[in-house]
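> One file is attached below, upload-v1.cif, containing mmCIF, C-alpha atoms and all ligand atoms.
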```
data_target
loop_
_atom_site.label_atom_id
_atom_site.label_comp_id
_atom_site.auth_asym_id
_atom_site.auth_seq_id
_atom_site.Cartn_x
_atom_site.Cartn_y
_atom_site.Cartn_z
CA MET A 8 -51.10 63.15 -183.23
CA LEU A 9 -54.50 61.65 -184.10
CA PRO A 10 -57.12 63.84 -185.75
CA MET A 11 -60.20 64.70 -183.67
CA LEU A 12 -62.26 61.54 -183.93
CA THR A 13 -65.33 62.13 -181.83
CA PRO A 14 -68.33 64.13 -183.07
CA LEU A 15 -68.71 67.65 -181.61
CA LEU A 16 -71.96 66.64 -179.98
CA LYS A 17 -70.78 63.83 -177.73
CA LEU A 18 -72.98 60.78 -177.73
CA SER A 19 -71.18 59.15 -174.85
CA GLN A 20 -74.20 59.14 -172.57
CA ARG A 21 -74.56 55.61 -173.91
CA PRO A 22 -73.28 52.96 -171.51
CA PRO A 23 -69.92 51.39 -172.28
CA THR A 24 -69.71 48.04 -174.04
CA THR A 25 -67.95 44.83 -173.02
CA VAL A 26 -67.28 42.38 -175.86
CA LEU A 27 -67.08 38.60 -175.75
CA SER A 28 -64.77 37.19 -178.40
CA PHE A 29 -66.84 34.08 -179.08
CA SER A 30 -65.44 30.94 -180.69
CA ALA A 31 -68.47 28.69 -180.09
CA GLY A 32 -66.11 26.39 -178.19
CA GLN A 33 -66.08 25.27 -174.58
CA ASP A 34 -64.32 28.27 -173.07
CA SER A 35 -66.42 30.95 -174.65
CA ALA A 36 -69.56 28.89 -173.89
CA MET A 37 -68.65 29.19 -170.21
CA LEU A 38 -68.17 32.93 -170.57
CA LEU A 39 -71.51 33.32 -172.32
CA ALA A 40 -73.27 31.24 -169.66
CA LEU A 41 -71.72 33.37 -166.91
CA ALA A 42 -72.63 36.58 -168.70
CA LEU A 43 -76.23 35.46 -169.10
CA GLU A 44 -76.83 33.81 -165.73
CA ASP A 45 -74.39 35.01 -163.08
CA ARG A 46 -75.21 38.41 -161.63
CA ALA A 47 -71.88 38.77 -159.78
CA PHE A 48 -70.02 38.04 -163.01
CA ARG A 49 -72.03 40.69 -164.84
CA GLN A 50 -71.40 43.26 -162.11
CA ARG A 51 -67.68 42.60 -162.24
CA TYR A 52 -67.15 42.37 -165.99
CA ILE A 53 -70.11 43.93 -167.80
CA PRO A 54 -70.89 47.34 -166.32
CA GLY A 55 -72.91 48.46 -169.35
CA ASP A 56 -73.86 46.90 -172.68
CA PHE A 57 -72.72 43.51 -173.90
CA LEU A 58 -71.77 42.38 -177.40
CA VAL A 59 -70.93 38.87 -178.57
CA ALA A 60 -68.90 38.57 -181.78
CA MET A 61 -67.41 35.67 -183.72
CA ALA A 62 -65.42 35.76 -186.94
CA ASP A 63 -65.99 32.95 -189.43
CA THR A 64 -63.05 31.00 -190.88
CA GLY A 65 -65.15 29.13 -193.45
CA CYS A 66 -63.83 25.83 -192.10
CA GLU A 67 -65.75 25.29 -188.88
CA HIS A 68 -66.95 21.86 -187.80
CA PRO A 69 -70.70 21.38 -188.38
CA GLU A 70 -71.21 21.09 -184.59
CA THR A 71 -69.56 24.48 -184.11
CA GLY A 72 -71.90 26.00 -186.67
CA SER A 73 -74.96 24.55 -184.93
CA TYR A 74 -73.80 25.68 -181.51
CA ARG A 75 -73.12 29.18 -182.85
CA GLU A 76 -76.68 29.29 -184.20
CA GLN A 77 -78.04 28.29 -180.78
CA ALA A 78 -75.95 30.90 -179.02
CA GLU A 79 -77.05 33.52 -181.51
CA ALA A 80 -80.71 32.67 -180.91
CA LEU A 81 -80.18 32.76 -177.15
CA CYS A 82 -78.58 36.20 -177.38
CA ARG A 83 -81.39 37.42 -179.63
CA ALA A 84 -83.93 36.26 -177.07
CA ARG A 85 -82.08 38.26 -174.38
CA ASP A 86 -81.69 41.32 -176.59
CA ILE A 87 -77.91 40.96 -176.76
CA PRO A 88 -76.36 41.83 -180.12
CA PHE A 89 -74.45 38.94 -181.73
CA LEU A 90 -72.13 39.64 -184.64
CA HIS A 91 -71.42 36.63 -186.81
CA VAL A 92 -68.68 38.06 -189.00
CA THR A 93 -68.94 36.25 -192.33
CA PRO A 94 -66.99 37.24 -195.47
CA ASP A 95 -70.07 38.78 -197.13
CA LEU A 96 -70.03 41.54 -194.48
CA GLY A 97 -66.84 42.87 -196.06
CA HIS A 98 -64.55 42.62 -193.03
CA HIS A 99 -62.44 39.72 -194.39
CA SER A 100 -59.65 40.75 -196.78
CA PRO A 101 -59.90 39.55 -200.42
CA ALA A 102 -56.91 37.23 -199.87
CA TRP A 103 -58.41 35.65 -196.75
CA GLN A 104 -62.08 35.12 -197.43
CA THR A 105 -61.77 31.61 -195.97
CA LEU A 106 -58.98 29.20 -195.06
CA HIS A 107 -59.41 27.39 -198.38
CA THR A 108 -59.51 30.45 -200.62
CA GLN A 109 -56.10 31.39 -199.22
CA TRP A 110 -54.73 27.86 -199.74
CA ALA A 111 -56.01 27.71 -203.31
CA ARG A 112 -54.68 31.16 -204.11
CA ASN A 113 -51.14 30.45 -202.87
CA THR A 114 -50.97 26.66 -203.25
CA THR A 115 -50.27 26.41 -199.57
CA ILE A 116 -51.62 24.97 -196.32
CA GLN A 117 -51.47 25.81 -192.63
CA ALA A 118 -48.73 23.79 -190.96
CA ARG A 119 -47.69 23.43 -187.35
CA ARG A 120 -44.44 25.33 -187.73
CA PHE A 121 -45.80 28.11 -189.91
CA PRO A 122 -46.80 31.44 -188.37
CA LYS A 123 -50.47 31.41 -187.40
CA THR A 124 -51.48 33.71 -190.22
CA CYS A 125 -54.88 32.00 -190.36
CA SER A 126 -55.92 33.15 -186.89
CA VAL A 127 -54.67 36.65 -187.53
CA ASN A 128 -56.35 37.01 -190.93
CA LEU A 129 -59.55 35.05 -190.41
CA LYS A 130 -60.30 35.79 -186.79
CA ILE A 131 -58.47 38.81 -185.40
CA TYR A 132 -58.61 41.26 -188.31
CA PRO A 133 -62.24 40.61 -189.37
CA PHE A 134 -63.30 40.62 -185.69
CA TYR A 135 -61.83 44.06 -184.99
CA ARG A 136 -62.96 45.53 -188.32
CA ALA A 137 -66.48 44.38 -187.49
CA LEU A 138 -66.18 45.75 -183.96
CA ASN A 139 -65.04 49.10 -185.38
CA ALA A 140 -68.11 49.18 -187.66
CA TYR A 141 -70.37 48.20 -184.74
CA LEU A 142 -69.02 51.00 -182.53
CA ALA A 143 -69.45 53.45 -185.40
CA ARG A 144 -73.10 52.41 -185.84
CA THR A 145 -73.88 52.25 -182.16
CA TYR A 146 -72.07 55.31 -180.79
CA GLY A 147 -72.21 57.55 -183.84
CA TYR A 148 -68.46 57.63 -184.49
CA PRO A 149 -66.97 57.73 -187.99
CA GLU A 150 -65.59 54.37 -189.15
CA THR A 151 -62.54 55.93 -190.76
CA VAL A 152 -60.93 59.36 -190.50
CA GLY A 153 -58.33 60.12 -193.15
CA ARG A 154 -55.89 57.24 -192.97
CA VAL A 155 -57.12 56.02 -189.58
CA THR A 156 -59.10 52.93 -190.56
CA ARG A 157 -60.21 51.98 -187.05
CA ALA A 158 -61.39 55.44 -186.12
CA ALA A 159 -64.41 54.23 -184.13
CA LEU A 160 -62.20 52.09 -181.87
CA TYR A 161 -59.94 55.10 -181.26
CA ALA A 162 -62.90 57.38 -180.63
CA TYR A 163 -64.43 54.88 -178.22
CA ALA A 164 -61.09 54.64 -176.37
CA GLN A 165 -60.97 58.43 -176.09
CA ASP A 166 -64.46 58.55 -174.58
CA TYR A 167 -64.54 55.41 -172.43
CA GLY A 168 -61.03 53.98 -172.25
CA ARG A 169 -59.88 50.86 -174.09
CA ILE A 170 -62.75 48.55 -174.88
CA PRO A 171 -62.74 45.36 -172.78
CA VAL A 172 -62.70 42.21 -174.89
CA MET A 173 -63.14 38.90 -173.04
CA ILE A 174 -60.90 36.11 -174.30
CA GLY A 175 -61.63 32.53 -173.27
CA PHE A 176 -58.20 31.39 -172.14
CA THR A 177 -58.40 29.05 -169.17
CA CYS A 178 -56.11 28.23 -166.26
CA GLY A 179 -53.34 26.08 -167.65
CA GLU A 180 -53.17 28.14 -170.86
CA GLU A 181 -50.93 30.89 -169.47
CA ARG A 182 -48.45 30.27 -172.30
CA ARG A 183 -51.03 31.80 -174.63
CA LEU A 184 -50.87 35.18 -172.87
CA LYS A 185 -48.72 37.39 -175.06
CA PRO A 186 -48.45 41.18 -175.29
CA ALA A 187 -50.86 42.71 -177.81
CA PRO A 188 -49.29 43.52 -181.16
CA ALA A 189 -48.33 47.20 -181.38
CA GLY A 190 -50.83 49.58 -182.97
CA PHE A 191 -54.56 49.79 -182.54
CA MET A 192 -54.77 46.67 -180.32
CA THR A 193 -52.51 48.24 -177.68
CA GLN A 194 -54.17 51.62 -177.88
CA THR A 195 -57.85 50.73 -178.10
CA VAL A 196 -58.40 47.20 -176.74
CA HIS A 197 -58.14 45.84 -173.22
CA ARG A 198 -58.08 42.05 -173.40
CA ILE A 199 -59.46 40.44 -170.26
CA HIS A 200 -59.33 36.79 -169.19
CA PRO A 201 -62.14 36.17 -166.70
CA LEU A 202 -61.79 32.37 -166.77
CA MET A 203 -58.23 32.71 -165.49
CA ASP A 204 -59.34 35.26 -162.86
CA LEU A 205 -61.95 32.76 -161.69
CA GLY A 206 -59.49 29.85 -161.62
CA LEU A 207 -61.38 27.84 -164.24
CA ASP A 208 -59.60 25.26 -166.33
CA ARG A 209 -61.20 23.41 -169.25
CA ARG A 210 -62.85 20.84 -167.03
CA GLY A 211 -64.13 23.59 -164.73
CA CYS A 212 -65.64 25.32 -167.79
CA GLN A 213 -67.39 22.12 -168.88
CA GLU A 214 -68.84 21.56 -165.41
CA GLY A 215 -69.72 25.22 -164.88
CA THR A 216 -71.52 25.48 -168.22
CA ARG A 217 -73.57 22.39 -167.37
CA GLN A 218 -74.35 23.69 -163.89
CA LEU A 219 -75.67 26.92 -165.34
CA GLY A 220 -78.02 24.86 -167.49
CA PHE A 221 -76.26 25.22 -170.84
CA GLU A 222 -75.09 22.63 -173.32
CA VAL A 223 -71.32 22.06 -173.49
CA PRO A 224 -70.21 22.37 -177.11
CA TYR A 225 -67.40 20.54 -178.88
CA PRO A 226 -64.02 22.28 -179.07
CA SER A 227 -64.20 24.67 -181.95
CA ASN A 228 -60.97 24.72 -183.91
CA CYS A 229 -61.26 24.47 -187.71
CA MET A 230 -61.86 21.12 -189.41
CA HIS A 231 -58.47 21.46 -191.10
CA CYS A 232 -56.43 22.83 -188.22
CA PRO A 233 -52.79 21.72 -188.08
CA PHE A 234 -53.06 21.42 -184.30
CA HIS A 235 -55.37 18.42 -184.54
CA GLY A 236 -54.08 15.40 -182.66
CA PRO A 237 -54.21 11.79 -183.93
CA LEU A 238 -57.68 11.18 -182.48
CA ASP A 239 -59.01 14.31 -184.21
CA LEU A 240 -57.62 13.01 -187.50
CA MET A 241 -59.38 9.70 -186.94
CA ARG A 242 -62.61 11.45 -186.04
CA LEU A 243 -62.50 13.70 -189.10
CA HIS A 244 -61.75 10.74 -191.33
CA THR A 245 -64.49 8.61 -189.75
CA LYS A 246 -67.22 11.24 -189.69
CA HIS A 247 -66.31 13.41 -192.67
CA PRO A 248 -64.18 11.33 -195.05
CA ASP A 249 -64.63 13.76 -197.96
CA SER A 250 -63.45 16.64 -195.84
CA PHE A 251 -60.36 14.67 -194.76
CA ALA A 252 -59.64 13.81 -198.41
CA LEU A 253 -60.00 17.45 -199.45
CA TRP A 254 -57.52 18.53 -196.76
CA ALA A 255 -55.07 15.81 -197.84
CA ASP A 256 -55.51 17.00 -201.42
CA PHE A 257 -54.53 20.56 -200.50
CA GLU A 258 -51.47 19.10 -198.79
CA ASP A 259 -50.55 16.96 -201.84
CA ARG A 260 -50.84 19.95 -204.17
CA LYS A 261 -48.66 22.06 -201.90
CA LEU A 262 -46.01 19.36 -201.55
CA ALA A 263 -45.83 18.84 -205.33
CA HIS A 264 -45.79 22.52 -206.36
CA PRO A 265 -42.51 23.77 -207.89
CA LYS A 266 -42.39 26.87 -205.69
CA TRP A 267 -41.96 24.78 -202.54
CA GLN A 268 -39.18 22.55 -203.91
CA GLY A 269 -35.55 22.93 -202.90
CA GLY A 270 -36.19 23.75 -199.24
CA ARG A 271 -37.88 22.13 -196.27
CA ASN A 272 -41.22 21.33 -197.88
CA HIS A 273 -43.29 20.95 -194.72
CA THR A 274 -46.36 18.77 -194.42
CA VAL A 275 -49.32 19.89 -192.29
CA MET A 276 -47.96 18.18 -189.19
CA CYS A 277 -44.33 19.13 -189.96
CA ASN A 278 -43.13 15.61 -189.14
CA ASP A 279 -42.23 14.62 -192.73
CA LYS A 280 -45.41 12.53 -192.91
CA THR A 281 -48.47 13.39 -194.92
CA LEU A 282 -51.94 13.54 -193.42
CA TRP A 283 -52.68 10.08 -194.78
CA GLN A 284 -49.50 8.71 -193.17
CA ASN A 285 -50.33 10.43 -189.88
CA LEU A 286 -53.79 8.90 -190.09
CA GLU A 287 -52.31 5.43 -190.58
CA ASP A 288 -50.10 5.99 -187.51
CA ALA A 289 -53.16 7.04 -185.51
CA TYR A 290 -55.06 3.89 -186.51
CA ARG A 291 -52.02 1.77 -185.62
CA GLN A 292 -51.82 3.47 -182.23
CA TYR A 293 -55.51 3.41 -181.26
CA GLY A 294 -57.10 0.82 -183.55
CA PRO A 295 -60.41 1.67 -185.21
CA LEU A 296 -62.79 3.40 -182.78
CA PRO A 297 -66.51 4.01 -183.25
CA ALA A 298 -67.62 7.56 -184.04
CA GLU A 299 -69.35 7.89 -180.65
CA GLU A 300 -66.12 7.17 -178.80
CA LEU A 301 -64.18 9.59 -180.97
CA ASP A 302 -66.84 12.22 -180.22
CA ALA A 303 -66.54 11.60 -176.49
CA LEU A 304 -62.75 11.83 -176.62
CA ARG A 305 -62.81 15.11 -178.54
CA MET A 306 -65.37 16.52 -176.15
CA ARG A 307 -63.15 15.63 -173.17
CA HIS A 308 -59.74 16.58 -174.51
CA GLY A 309 -60.41 19.93 -176.09
CA HIS A 310 -58.30 21.36 -178.89
CA GLY A 311 -54.54 21.67 -179.13
CA ASN A 312 -54.61 25.22 -180.37
CA THR A 313 -51.95 27.61 -179.13
CA THR A 314 -52.92 30.95 -180.64
CA SER A 315 -52.31 33.80 -178.28
CA PHE A 316 -55.03 36.42 -178.79
S1 LIG B 401 -58.39 26.89 -185.54
FE1 LIG B 401 -56.43 26.26 -186.45
S2 LIG B 401 -56.73 26.46 -188.70
FE2 LIG B 401 -58.40 27.58 -187.70
S3 LIG B 401 -57.70 29.67 -187.63
FE3 LIG B 401 -57.12 28.73 -185.67
S4 LIG B 401 -55.01 27.93 -185.94
FE4 LIG B 401 -55.89 28.40 -187.98
#
```
Show me the file's structure as C-alpha cells.

Amino acid sequence: MLPMLTPLLKLSQRPPTTVLSFSAGQDSAMLLALALEDRAFRQRYIPGDFLVAMADTGCEHPETGSYREQAEALCRARDIPFLHVTPDLGHHSPAWQTLHTQWARNTTIQARRFPKTCSVNLKIYPFYRALNAYLARTYGYPETVGRVTRAALYAYAQDYGRIPVMIGFTCGEERRLKPAPAGFMTQTVHRIHPLMDLGLDRRGCQEGTRQLGFEVPYPSNCMHCPFHGPLDLMRLHTKHPDSFALWADFEDRKLAHPKWQGGRNHTVMCNDKTLWQNLEDAYRQYGPLPAEELDALRMRHGHGNTTSF
C-alpha cells in the first residue's frame, strides 16, 4: 500500500501534461512538428499542457546537439517547457554520468550483443527522474515520500491517470514494442506511439516534417553506438577521425584488460573484428566516399538502433 502522496489541498485544477520523449532525431522531429503545427494532432494527443524532454548521453553527434538547441529555442518561443537533462542536473547516476565515464570506470564498451544498459542508464532513468522532479515542481507534489523515490509520478497518476509519454517509434519498428518493465513505468507511465497510429514510417516522417516547414535532422544515435553500420563507421572516421580513434582506443583497452580474458572477449560489433578492421571492410565494400555523400546516406537510412522504450 502506497503512502498518501498528494497534498491535502489538491492542486489538480491544473491541466494534465503530455510528454514528448525527444531524441532530436527524425522521428521525434516529426512528433514535435505535429505537436506545434497540427491542430487535429494536438486535440487527439495533447489535451492539456505539453512538455518536451531529452536525456543527454554525453556522446551525441554535433548535428544532434545543434538540432536540439534549435528545437529548444522553438519550444521556448512557443512557451513550451523543454527539459534537456544533462548530468549536472543530478538525474544521472554517479556510475553513468556519460557513456565514456562508464566505459572508463569499468574498462568496458557497449557491444551489439550486450544488454542495452546505456539506453536504460543514460536515457530512461535520467528522463523519468527529471520528469518526476518536473511534476513535483509544476503540480506541487513531493518528489520523494519515504522510500518512494518517484512520488510525484505516483501522485500524478493518482490524480490524472498514468502520464502519456510519446515515443517516436515508426511503422516498421513494431519489434521495438515491448511491455514496460515492472514497477513505476507500468504504474505511472502510459507510453503512446502516435507515429504508428498515423501509419508513418521513417520516410513518411522525413516528408511530413518538411511539409510542416521544419528541418529534418540527422538520425540521433550516439557517435559511439554499437548499432552503427559500415557507412556510419566511414562517416565517423571521415568527419571526426579523433572521435573514431578514441572509440577504437576504448575497445583496445577493453580487449586487452585481464578481467575480460578467458571468455568470449567481444568487440564492439561482436564479429571478432575490431572497429579498425570493420572500418577496413567498409572501405573495401564501398570505396572511399566524400563526406557529403556519407551525410546524405546517413540522412536517408536512419539509425540501426533497436532499443525498445
Ligand atoms: S544510441 Fe546506442 S550507444 Fe547511445 S544510448 Fe542508445 S544504444 Fe546506447
> Which is closer to A:Glu180 than all the others in A:Glu67, A:Asp34, A:Leu142, A:Tyr74, using only C-alpha atoms?
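Nearest to A:Glu180: A:Asp34.
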> Take atom CA of A:Leu160 and atom CA of A:Met192 and report the distance between them in Å, one decimal.
9.3 Å
> Please give me, as a list in words, the residues lying within 7 Å of ligand LIG 401 (chain B) when counting all atoms listed in the file.
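Answer in the requested format: Thr64, Gln117, Lys123, Cys125, Ser126, Leu129, Lys130, Asn228, Cys229, His231, Cys232, Pro233, Phe234, Asn312 and Thr314 of chain A.
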> Counting only C-alpha atoms, which of A:Ile131, A:Leu282, A:Ala137, A:Ala31 gets nearest to A:Gly72?
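So, comparing all the options, the nearest one is A:Ala31.
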> Find the distance between atom CA of A:Leu27 and atom CA of A:Val172 and write it in Å to one decimal.
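One can read the atom CA of A:Leu27 to atom CA of A:Val172 distance as 5.7 Å.
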> Which one of A:Leu304, A:Gly236, A:Pro101, A:Phe221 sits closest to A:Leu41 if you count all atoms listed in the file?
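Closest to A:Leu41, using all atoms listed in the file: A:Phe221.
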> Write out as a ChimeraX atom specification each polymer residue whose atoms come within 10 Å of A:Thr216, counting only C-alpha atoms; drop sequence neighbours fewer than 4 positions from it.
/A:33-41,210-212,220-224
> Pick out the closest residue to A:Trp283 from this set: A:Val26, A:Met61, A:Leu253, A:Ala84. Count all atoms listed in the file.
A:Leu253
> Find the residues around A:Tyr52 up to 12 Å (all atoms listed in the file counted), leave out those fewer than 3 positions away in its own chain, and share them as a PDB file with C-alpha atoms, in the coordinates of the input.

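The result, stored in part_15.pdb:
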```
ATOM      1  CA  PRO A  23     -69.920  51.390-172.280  1.00  0.00           C
ATOM      2  CA  THR A  24     -69.710  48.040-174.040  1.00  0.00           C
ATOM      3  CA  THR A  25     -67.950  44.830-173.020  1.00  0.00           C
ATOM      4  CA  VAL A  26     -67.280  42.380-175.860  1.00  0.00           C
ATOM      5  CA  LEU A  27     -67.080  38.600-175.750  1.00  0.00           C
ATOM      6  CA  LEU A  38     -68.170  32.930-170.570  1.00  0.00           C
ATOM      7  CA  LEU A  39     -71.510  33.320-172.320  1.00  0.00           C
ATOM      8  CA  LEU A  41     -71.720  33.370-166.910  1.00  0.00           C
ATOM      9  CA  ALA A  42     -72.630  36.580-168.700  1.00  0.00           C
ATOM     10  CA  LEU A  43     -76.230  35.460-169.100  1.00  0.00           C
ATOM     11  CA  ASP A  45     -74.390  35.010-163.080  1.00  0.00           C
ATOM     12  CA  ARG A  46     -75.210  38.410-161.630  1.00  0.00           C
ATOM     13  CA  ALA A  47     -71.880  38.770-159.780  1.00  0.00           C
ATOM     14  CA  PHE A  48     -70.020  38.040-163.010  1.00  0.00           C
ATOM     15  CA  ARG A  49     -72.030  40.690-164.840  1.00  0.00           C
ATOM     16  CA  GLY A  55     -72.910  48.460-169.350  1.00  0.00           C
ATOM     17  CA  ASP A  56     -73.860  46.900-172.680  1.00  0.00           C
ATOM     18  CA  PHE A  57     -72.720  43.510-173.900  1.00  0.00           C
ATOM     19  CA  ILE A 170     -62.750  48.550-174.880  1.00  0.00           C
ATOM     20  CA  PRO A 171     -62.740  45.360-172.780  1.00  0.00           C
ATOM     21  CA  VAL A 172     -62.700  42.210-174.890  1.00  0.00           C
ATOM     22  CA  MET A 173     -63.140  38.900-173.040  1.00  0.00           C
ATOM     23  CA  ARG A 198     -58.080  42.050-173.400  1.00  0.00           C
ATOM     24  CA  ILE A 199     -59.460  40.440-170.260  1.00  0.00           C
ATOM     25  CA  HIS A 200     -59.330  36.790-169.190  1.00  0.00           C
ATOM     26  CA  PRO A 201     -62.140  36.170-166.700  1.00  0.00           C
ATOM     27  CA  LEU A 202     -61.790  32.370-166.770  1.00  0.00           C
ATOM     28  CA  ASP A 204     -59.340  35.260-162.860  1.00  0.00           C
ATOM     29  CA  LEU A 205     -61.950  32.760-161.690  1.00  0.00           C
TER      30      LEU A 205
END
```
> Set the distance at 9 Å and use all atoms listed in the file: which residues neighbour A:Arg157 once local chain neighbours fewer than 3 positions away are removed? I'd like the list as a compact mmCIF listing (two decimals) with C-alpha atoms, in the frame of the given file.

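Contents of part-v4.txt, as written:
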```txt
# COMPACT_ATOMS: atom_id res chain seq x y z
CA TYR A 135 -61.83 44.06 -184.99
CA ARG A 136 -62.96 45.53 -188.32
CA ASN A 139 -65.04 49.10 -185.38
CA ALA A 140 -68.11 49.18 -187.66
CA PRO A 149 -66.97 57.73 -187.99
CA GLU A 150 -65.59 54.37 -189.15
CA THR A 151 -62.54 55.93 -190.76
CA VAL A 152 -60.93 59.36 -190.50
CA LEU A 160 -62.20 52.09 -181.87
CA TYR A 161 -59.94 55.10 -181.26
CA ALA A 162 -62.90 57.38 -180.63
CA PHE A 191 -54.56 49.79 -182.54
```
